[in-house]
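Contents: one structure, followed by commentary.
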Amino acid sequence: MSAVLQSLVNQPYKHGFVTDIESDIAPKGLNEDIIRLISAKKNEPEWLLSFRLQAYQKWLTMTEPEWQNVHYPKIDFQAISYYSAPKPKKKLASMDEVDPELLRTFEKLGVPMHERAALAGVAVDVIFDSVSVATTYKQKLAEVGIIFCSISEAVHTHPELVQKYLGTVVPVGDNYFAALNSAVFTDGSFCFIPKGVKCPMDLSTYFRINTEGSGQFERTLIIAEEGASVSYLEGCTAPRFDTNQLHAAVVELIALDNADIKYSTVQNWYAGDEKGIGGIYNFVTKRGLAKGANSRISWTQVETGSAITWKYPSCILRGDNSVGEFYSVAVTNNYQQADTGTKMIHIGKNTRSTIVSKGITAGHSNSSYRGLVRIAPTAENARNYSQCDSMLIGDQCGAHTFPYIQVHNNSATVEHEASTSKIGEDQLFYFSQRGIGAEEAVSMIINGFCKDVFQQLPMEFAVEATKLLSFKLEGSVG
Amino acid sequence: MSEATHPDYLECLLKSWQAKPAESLSWLNQLRAQAIDRVSTQKLPTKRDEEWRFTDISSLTRLPYRPSQPDSNLHIQDIQHLFLDEVKNRLVFVDGHFSRQLSVIANPAFTIGNLPELLSTHAPILESHLGQYARFDSNVFTALNTAFLRDGAVIIAPKNTVVAEPIHVLFIATQSEVTHYPRCLFIGESGSRVTLIEDYAALEKAAYITNAITEISLAANARAQHIRLQRESTQAFHLANCAVSLAHASNYQSISIALGSRISRYNLDVRLTDEAAECVVDGLTVISDRQLADTHTCIDHSKPGGTSHQLHKCIADDTAHAVFNGKIIVRPHAQRTNSSQSSRNLLLSKTAQVDTKPQLEIFADDVKCSHGATVGQLDQEEIFYLRSRGLSEKAARNLLTYAFGAEIISRIPVTSLRQQLEQAVLDQTQSNSL
């Protein structure tokens, strides 16, 4: 049985290929000139340049954090190229004009844009190495007043909105990597749902890191005005490289009164080989501000890739009666490391939050849940329920939980539960008794273990996630 | 700013103790020298240290705490109210110094006494245990205590000895603005069974520092019940470390109760160093006013088949602040570990606060580990139920608060102590609620 599992877990990365498109790459290194170059390349207004420079100044005064439970060689920030874009060609009017090479890449990834758009009704804002290449369904969204475009486009078309909200949830100096991102971000998605509009379809972006040695720093900003609602999907795959790549994104969500934002992620970036060489460093700051009364922010994530995952999608529950949710599955194998979790900051009255975190650890990997539930003195009758379960596969891996619970109001009710388990021999025996092989049984048990989280994913993603999990862990049990 | 004063503060402390005579035992001198060495390389922890994130002890440096001097003016009637009926053997330390006249040693089947005395008769066994469990490489307070090591309680239960009556080790504080360094060493040889009560009390509302170390070593199949009672003055600082080492199939049961101190910090490290060891670690903190009580426990499973259970409860009233950090480590190959941990917290006032962090670090796959934490106030429905039975709101609240704490107290196997504590919790809830 263990041999079967071994072979399953050790499947080669299926998305490892490099698209050969001539890139427009900035010289390596980081200084004010590079930031000015990025800003100039993107034709940015003055306020954005000063935003970047302010972040850069802040970043210079900060030191790389070391408290997290992950280990990696020091990153040389001067060895990274902070800007790479496919050579600018003429403006694209339709899908037909998109570089066929690019389209082929997406096909290999299983993201047939038009098909997906047609079949699933998903608008895909495709990001290829930081620059938004094609945006579909924009028309349809525009009819109801939704703005969904790349952030660099939004800077030009809706500067007032970007300026109003950018950096309000994750300030430029929030943390080391957020400051870096604020200084050098090249592109990302911008989404604005006006008052009272329910977004008619799930919005989706596919990210892909391409040029070797280039970091990717996207910036996502989603704003839901009073009564608006949106479901946003983010999915990632990256080609195979042997040098580690840094990915430091920032995602900001803002929900006003009665607004509802649901943000789902399936992350399957290159995790390094079975010896732990290569792979993406995924250091992401994601935070949602439930600003208005009765607003709701929900994070769902399925983290299977990256050599190191380090992120804490958080909710600041400022509005009265606001709701924060966090559903997470983190799968690590080989030498992957994950330190992930969430922060639920309760400020408003009657705020509620739910945390469901499932960690599956195999091989030599290490996975940590690190969460903060903070009930401020103002958060009357706040309520939190947290559950974090870990499953260990093999005796070389580690699972850790670091839940911080800080309660400063006695009307709050906070509950936290955690458990650790493994796939039992008797469970597998039961399956084989019913004629189900070990491999399939493991897949079923794991999917059952993660069910609470998968239920939160939109349909197509749930299917993808289930598949991802089974080939990720193929061969790891035994 | 305040950080700059810390090295000086430690230096002053070290200097104040310079007059210490050298022992005839070279290993002991060496142990102290190593500890002094460690102190001089360290700083007092600040809130920036993860381990001290919620406990600010900077106020420690503001008072000129001298090392305590022996004081023999205490009479037995002054402290009689702290005695326990069941106890046949009692060691009393006044401000960290052993008091023969207040102690009772009833010619037992085991070894009991203070450190200087037993150093002359039991040096080899002390050498192999003293300072071996409470490590001072990273803890400045353990290093300080070890550096100033002079007196302490020593109890050695020989092979297969069963001691029916509990042993009471009472540390009494009488002076203001002094620091004492109590020390306890308990050695349970294989197959022995002992109940140990470690008790910290004060006679008046004085401000002083207690920096206590307890070391407990249980050999194969030994059993120990360790009841720890912290009822220091509400102006005092209490900084304590307890290190427990468990051998094959030994069993350690600990109940620690924290009622006193302005700021208290209790670190309990239990190491299950061999297979099939078991421990039960329970705790109760009842605090009010501006008290801060911080409990850090670490249960370290390094061999297969270990069991640990933990229930820690805090009741915080007024602007009190309770901190709990419970870590469970399951090291590689510690398969078939069964571990559970629960942190339950009750907030009685709007301004009381709790920071709890139950933490699991697991490196083995065939284990059963769970933890849970809750923070809340008294259940409205429970209050309503009691009121419908004719109890006043206040009485209902007191009863429920008392019951919350009684779950831990009821586990204490010493009747007289249990009654004393039940009364103490009752007094506290009645004086504070509403």
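By convention here, the chains of the structure tokens are called A, B, ... in the order presented, each chain's residues are numbered starting at 1, and ligands are numbered starting at 1 in the order presented.
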Using only C-alpha atoms, I'd like a table of the residues in chain A that come within 6 Å of chain B; for each, show the closest atom pair and its distance in Å rounded to one decimal, ordered by chain and ascending number, as JSON lines.
```
{"residue": "A:Leu392", "atom": "CA", "partner": "B:Asp365", "partner_atom": "CA", "distance": 5.0}
{"residue": "A:Gly394", "atom": "CA", "partner": "B:Asp365", "partner_atom": "CA", "distance": 5.8}
{"residue": "A:Asp395", "atom": "CA", "partner": "B:Ala364", "partner_atom": "CA", "distance": 4.7}
{"residue": "A:Cys397", "atom": "CA", "partner": "B:Phe363", "partner_atom": "CA", "distance": 5.6}
{"residue": "A:Gly398", "atom": "CA", "partner": "B:Phe363", "partner_atom": "CA", "distance": 4.0}
{"residue": "A:Ala399", "atom": "CA", "partner": "B:Ile362", "partner_atom": "CA", "distance": 5.0}
{"residue": "A:His400", "atom": "CA", "partner": "B:Glu361", "partner_atom": "CA", "distance": 4.3}
{"residue": "A:Thr401", "atom": "CA", "partner": "B:Leu360", "partner_atom": "CA", "distance": 5.0}
{"residue": "A:Phe402", "atom": "CA", "partner": "B:Gln359", "partner_atom": "CA", "distance": 5.0}
{"residue": "A:Pro403", "atom": "CA", "partner": "B:Lys357", "partner_atom": "CA", "distance": 5.4}
{"residue": "A:Tyr404", "atom": "CA", "partner": "B:Lys357", "partner_atom": "CA", "distance": 4.8}
{"residue": "A:Ile405", "atom": "CA", "partner": "B:Thr356", "partner_atom": "CA", "distance": 5.1}
{"residue": "A:Gln406", "atom": "CA", "partner": "B:Asp355", "partner_atom": "CA", "distance": 4.3}
{"residue": "A:Val407", "atom": "CA", "partner": "B:Val354", "partner_atom": "CA", "distance": 5.2}
{"residue": "A:His408", "atom": "CA", "partner": "B:Gln353", "partner_atom": "CA", "distance": 4.6}
{"residue": "A:Asn409", "atom": "CA", "partner": "B:Lys350", "partner_atom": "CA", "distance": 5.3}
{"residue": "A:Asn410", "atom": "CA", "partner": "B:Leu347", "partner_atom": "CA", "distance": 5.1}
{"residue": "A:Ala412", "atom": "CA", "partner": "B:Gly376", "partner_atom": "CA", "distance": 5.7}
{"residue": "A:Thr413", "atom": "CA", "partner": "B:Gly376", "partner_atom": "CA", "distance": 4.6}
{"residue": "A:Val414", "atom": "CA", "partner": "B:Val375", "partner_atom": "CA", "distance": 5.0}
{"residue": "A:Glu415", "atom": "CA", "partner": "B:Thr374", "partner_atom": "CA", "distance": 4.4}
{"residue": "A:His416", "atom": "CA", "partner": "B:Ala373", "partner_atom": "CA", "distance": 4.8}
{"residue": "A:Glu417", "atom": "CA", "partner": "B:Gly372", "partner_atom": "CA", "distance": 4.2}
{"residue": "A:Ala418", "atom": "CA", "partner": "B:His371", "partner_atom": "CA", "distance": 5.1}
{"residue": "A:Ser419", "atom": "CA", "partner": "B:Ser370", "partner_atom": "CA", "distance": 4.0}
{"residue": "A:Thr420", "atom": "CA", "partner": "B:Cys369", "partner_atom": "CA", "distance": 5.1}
{"residue": "A:Ser421", "atom": "CA", "partner": "B:Lys368", "partner_atom": "CA", "distance": 5.8}
{"residue": "A:Lys422", "atom": "CA", "partner": "B:Asp365", "partner_atom": "CA", "distance": 6.0}
```
Test item, strand (DSSP E or B) assignment across range 267-337 of chain B, answer as a ChimeraX atom specification: /B:267-272,278-287,292-301,307-316,321-330
Could the residues in this selection be saved with C-alpha atoms as a PDB file, in the first residue's frame?
```
ATOM      1  CA  ASN B 267       5.938  27.749  33.482  1.00  0.00           C
ATOM      2  CA  LEU B 268       5.353  24.043  33.707  1.00  0.00           C
ATOM      3  CA  ASP B 269       7.439  21.792  31.482  1.00  0.00           C
ATOM      4  CA  VAL B 270       6.646  18.129  31.509  1.00  0.00           C
ATOM      5  CA  ARG B 271       8.918  15.839  29.528  1.00  0.00           C
ATOM      6  CA  LEU B 272       7.763  12.323  28.846  1.00  0.00           C
ATOM      7  CA  GLU B 278       1.285   9.521  31.688  1.00  0.00           C
ATOM      8  CA  CYS B 279       0.476  12.947  32.970  1.00  0.00           C
ATOM      9  CA  VAL B 280      -2.589  14.905  33.935  1.00  0.00           C
ATOM     10  CA  VAL B 281      -2.011  18.631  34.169  1.00  0.00           C
ATOM     11  CA  ASP B 282      -4.857  20.705  35.529  1.00  0.00           C
ATOM     12  CA  GLY B 283      -4.959  24.318  36.508  1.00  0.00           C
ATOM     13  CA  LEU B 284      -7.259  26.941  37.924  1.00  0.00           C
ATOM     14  CA  THR B 285      -6.661  30.679  37.972  1.00  0.00           C
ATOM     15  CA  VAL B 286      -9.011  32.934  39.902  1.00  0.00           C
ATOM     16  CA  ILE B 287      -8.056  36.581  39.716  1.00  0.00           C
ATOM     17  CA  LEU B 292      -2.321  39.307  35.863  1.00  0.00           C
ATOM     18  CA  ALA B 293      -1.827  35.567  35.884  1.00  0.00           C
ATOM     19  CA  ASP B 294       0.104  33.898  33.116  1.00  0.00           C
ATOM     20  CA  THR B 295       0.390  30.134  32.823  1.00  0.00           C
ATOM     21  CA  HIS B 296       2.633  28.529  30.233  1.00  0.00           C
ATOM     22  CA  THR B 297       2.707  24.781  30.018  1.00  0.00           C
ATOM     23  CA  CYS B 298       4.641  22.557  27.690  1.00  0.00           C
ATOM     24  CA  ILE B 299       4.061  18.841  27.507  1.00  0.00           C
ATOM     25  CA  ASP B 300       6.737  17.163  25.472  1.00  0.00           C
ATOM     26  CA  HIS B 301       6.117  13.641  24.196  1.00  0.00           C
ATOM     27  CA  THR B 307      -0.677  10.003  27.470  1.00  0.00           C
ATOM     28  CA  SER B 308      -1.372  13.537  28.586  1.00  0.00           C
ATOM     29  CA  HIS B 309      -4.544  15.307  29.596  1.00  0.00           C
ATOM     30  CA  GLN B 310      -4.888  18.911  30.481  1.00  0.00           C
ATOM     31  CA  LEU B 311      -7.733  21.075  31.684  1.00  0.00           C
ATOM     32  CA  HIS B 312      -6.961  24.673  32.480  1.00  0.00           C
ATOM     33  CA  LYS B 313      -9.571  27.113  33.722  1.00  0.00           C
ATOM     34  CA  CYS B 314      -9.412  30.829  34.339  1.00  0.00           C
ATOM     35  CA  ILE B 315     -11.884  33.097  36.075  1.00  0.00           C
ATOM     36  CA  ALA B 316     -11.113  36.773  35.587  1.00  0.00           C
ATOM     37  CA  HIS B 321      -5.912  39.643  32.786  1.00  0.00           C
ATOM     38  CA  ALA B 322      -5.466  35.901  32.433  1.00  0.00           C
ATOM     39  CA  VAL B 323      -2.997  34.390  29.996  1.00  0.00           C
ATOM     40  CA  PHE B 324      -2.717  30.763  29.077  1.00  0.00           C
ATOM     41  CA  ASN B 325      -0.304  29.191  26.648  1.00  0.00           C
ATOM     42  CA  GLY B 326      -0.352  25.427  26.470  1.00  0.00           C
ATOM     43  CA  LYS B 327       1.976  23.687  24.114  1.00  0.00           C
ATOM     44  CA  ILE B 328       1.916  20.010  23.304  1.00  0.00           C
ATOM     45  CA  ILE B 329       4.830  18.611  21.356  1.00  0.00           C
ATOM     46  CA  VAL B 330       4.741  15.160  19.840  1.00  0.00           C
TER      47      VAL B 330
END
```
If you count only C-alpha atoms, which residues fall within 10 Å of Val162 in chain B, apart from same-chain ones fewer than 2 positions away, as a VMD selection string? chain B and resid 109 to 110 157 to 160 164 to 165 191 to 195 222 to 223
File of the preceding selection, C-alpha atoms, as a PDB file, in the first residue's frame:
```pdb
ATOM      1  CA  ALA B 109      10.451   6.161  55.421  1.00  0.00           C
ATOM      2  CA  PHE B 110      11.763   8.592  52.905  1.00  0.00           C
ATOM      3  CA  ALA B 157      11.121   8.773  47.873  1.00  0.00           C
ATOM      4  CA  PRO B 158      13.092   5.512  47.722  1.00  0.00           C
ATOM      5  CA  LYS B 159      12.174   2.543  45.565  1.00  0.00           C
ATOM      6  CA  ASN B 160       8.639   1.210  46.051  1.00  0.00           C
ATOM      7  CA  ALA B 164       0.075   7.832  52.299  1.00  0.00           C
ATOM      8  CA  GLU B 165       0.032  11.319  53.810  1.00  0.00           C
ATOM      9  CA  GLY B 191       7.622   2.341  42.040  1.00  0.00           C
ATOM     10  CA  SER B 192       7.248   5.083  44.673  1.00  0.00           C
ATOM     11  CA  ARG B 193       4.028   6.983  45.324  1.00  0.00           C
ATOM     12  CA  VAL B 194       3.880  10.415  46.861  1.00  0.00           C
ATOM     13  CA  THR B 195       1.542  13.388  47.170  1.00  0.00           C
ATOM     14  CA  ALA B 222       6.707   6.031  40.022  1.00  0.00           C
ATOM     15  CA  ARG B 223       3.602   8.083  40.697  1.00  0.00           C
TER      16      ARG B 223
END
```
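Computed from the coordinates, the CA of Leu196 in chain B to CA of Lys88 in chain B distance equals 11.7 Å.
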Which parts of range 68-306 of chain B does DSSP call helix (DSSP H, G or I) when run on the backbone here, written out as an mmCIF file with C-alpha atoms, in the first residue's frame?
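Saved result, part_9.cif, follows:
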```
data_model
loop_
_atom_site.group_PDB
_atom_site.id
_atom_site.type_symbol
_atom_site.label_atom_id
_atom_site.label_comp_id
_atom_site.auth_asym_id
_atom_site.auth_seq_id
_atom_site.Cartn_x
_atom_site.Cartn_y
_atom_site.Cartn_z
ATOM 1 C CA ILE B 76 3.950 28.817 64.753
ATOM 2 C CA GLN B 77 0.618 30.451 65.621
ATOM 3 C CA ASP B 78 1.209 33.099 62.934
ATOM 4 C CA ILE B 79 1.065 30.531 60.209
ATOM 5 C CA GLN B 80 -1.102 27.852 61.771
ATOM 6 C CA HIS B 81 -4.044 28.782 59.569
ATOM 7 C CA LEU B 82 -2.046 27.600 56.574
ATOM 8 C CA LEU B 115 19.257 21.431 50.668
ATOM 9 C CA PRO B 116 22.399 22.333 52.703
ATOM 10 C CA GLU B 117 21.669 19.514 55.117
ATOM 11 C CA LEU B 118 21.091 16.870 52.499
ATOM 12 C CA LEU B 119 24.064 18.007 50.457
ATOM 13 C CA SER B 120 26.272 16.535 53.177
ATOM 14 C CA THR B 121 24.439 13.208 53.327
ATOM 15 C CA ALA B 123 25.493 14.518 47.582
ATOM 16 C CA PRO B 124 25.733 11.908 44.774
ATOM 17 C CA ILE B 125 21.999 11.644 44.151
ATOM 18 C CA LEU B 126 21.581 15.422 44.374
ATOM 19 C CA GLU B 127 24.378 15.913 41.898
ATOM 20 C CA SER B 128 22.618 13.750 39.342
ATOM 21 C CA HIS B 129 19.309 15.609 39.694
ATOM 22 C CA VAL B 140 16.732 34.248 32.714
ATOM 23 C CA PHE B 141 14.678 33.594 35.846
ATOM 24 C CA THR B 142 15.732 29.961 36.042
ATOM 25 C CA ALA B 143 19.304 31.105 35.555
ATOM 26 C CA LEU B 144 18.945 33.650 38.364
ATOM 27 C CA ASN B 145 17.493 31.117 40.749
ATOM 28 C CA THR B 146 20.217 28.633 39.962
ATOM 29 C CA ALA B 147 22.892 31.296 40.317
#
```
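Interatomic distance, CA of Glu51 in chain B to CA of Leu259 in chain B: 21.8 Å.
Residues lying within 8 Å of Asn350 in chain A, counting only C-alpha atoms and ignoring same-chain neighbours fewer than 3 positions away, are Asp320, Asn321, Ser322, Ala379, Glu380, Asn381, Ala382 and Arg383 of chain A.
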So that I have them on file, write out the residues from the current selection with C-alpha atoms, as a PDB file, in the first residue's frame.
```pdb
ATOM      1  CA  ASP A 320     -22.089  45.917  13.400  1.00  0.00           C
ATOM      2  CA  ASN A 321     -23.491  42.446  12.678  1.00  0.00           C
ATOM      3  CA  SER A 322     -20.798  41.800  10.105  1.00  0.00           C
ATOM      4  CA  ALA A 379     -17.395  44.016  20.149  1.00  0.00           C
ATOM      5  CA  GLU A 380     -20.477  43.283  22.243  1.00  0.00           C
ATOM      6  CA  ASN A 381     -21.911  39.800  21.775  1.00  0.00           C
ATOM      7  CA  ALA A 382     -19.266  38.777  19.308  1.00  0.00           C
ATOM      8  CA  ARG A 383     -19.182  35.124  18.413  1.00  0.00           C
TER       9      ARG A 383
END
```
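Ranking A:Leu233, A:Val302, A:Val250, A:Ala228 by their shortest atom-to-atom distance to Leu166 in chain A, with only C-alpha atoms included, puts A:Val250 first.
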Residues near Gln235 in chain B, cut-off 10 Å, only C-alpha atoms, skip fewer than 4 positions along chain, as an MDAnalysis selection string: chainID B and resid 176 204:209 260:263 290:291
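Shortest separation to Arg336 in chain B among B:Ala276, B:Ala33, B:Leu386, B:Ile227 occurs at residue B:Ala276, atoms counted being only C-alpha atoms.
Distance annotation: of B:Tyr65, B:Phe404, B:Trp27, B:Phe171, the residue with the minimal separation from Arg183 in chain B is B:Phe171; atom set is only C-alpha atoms.
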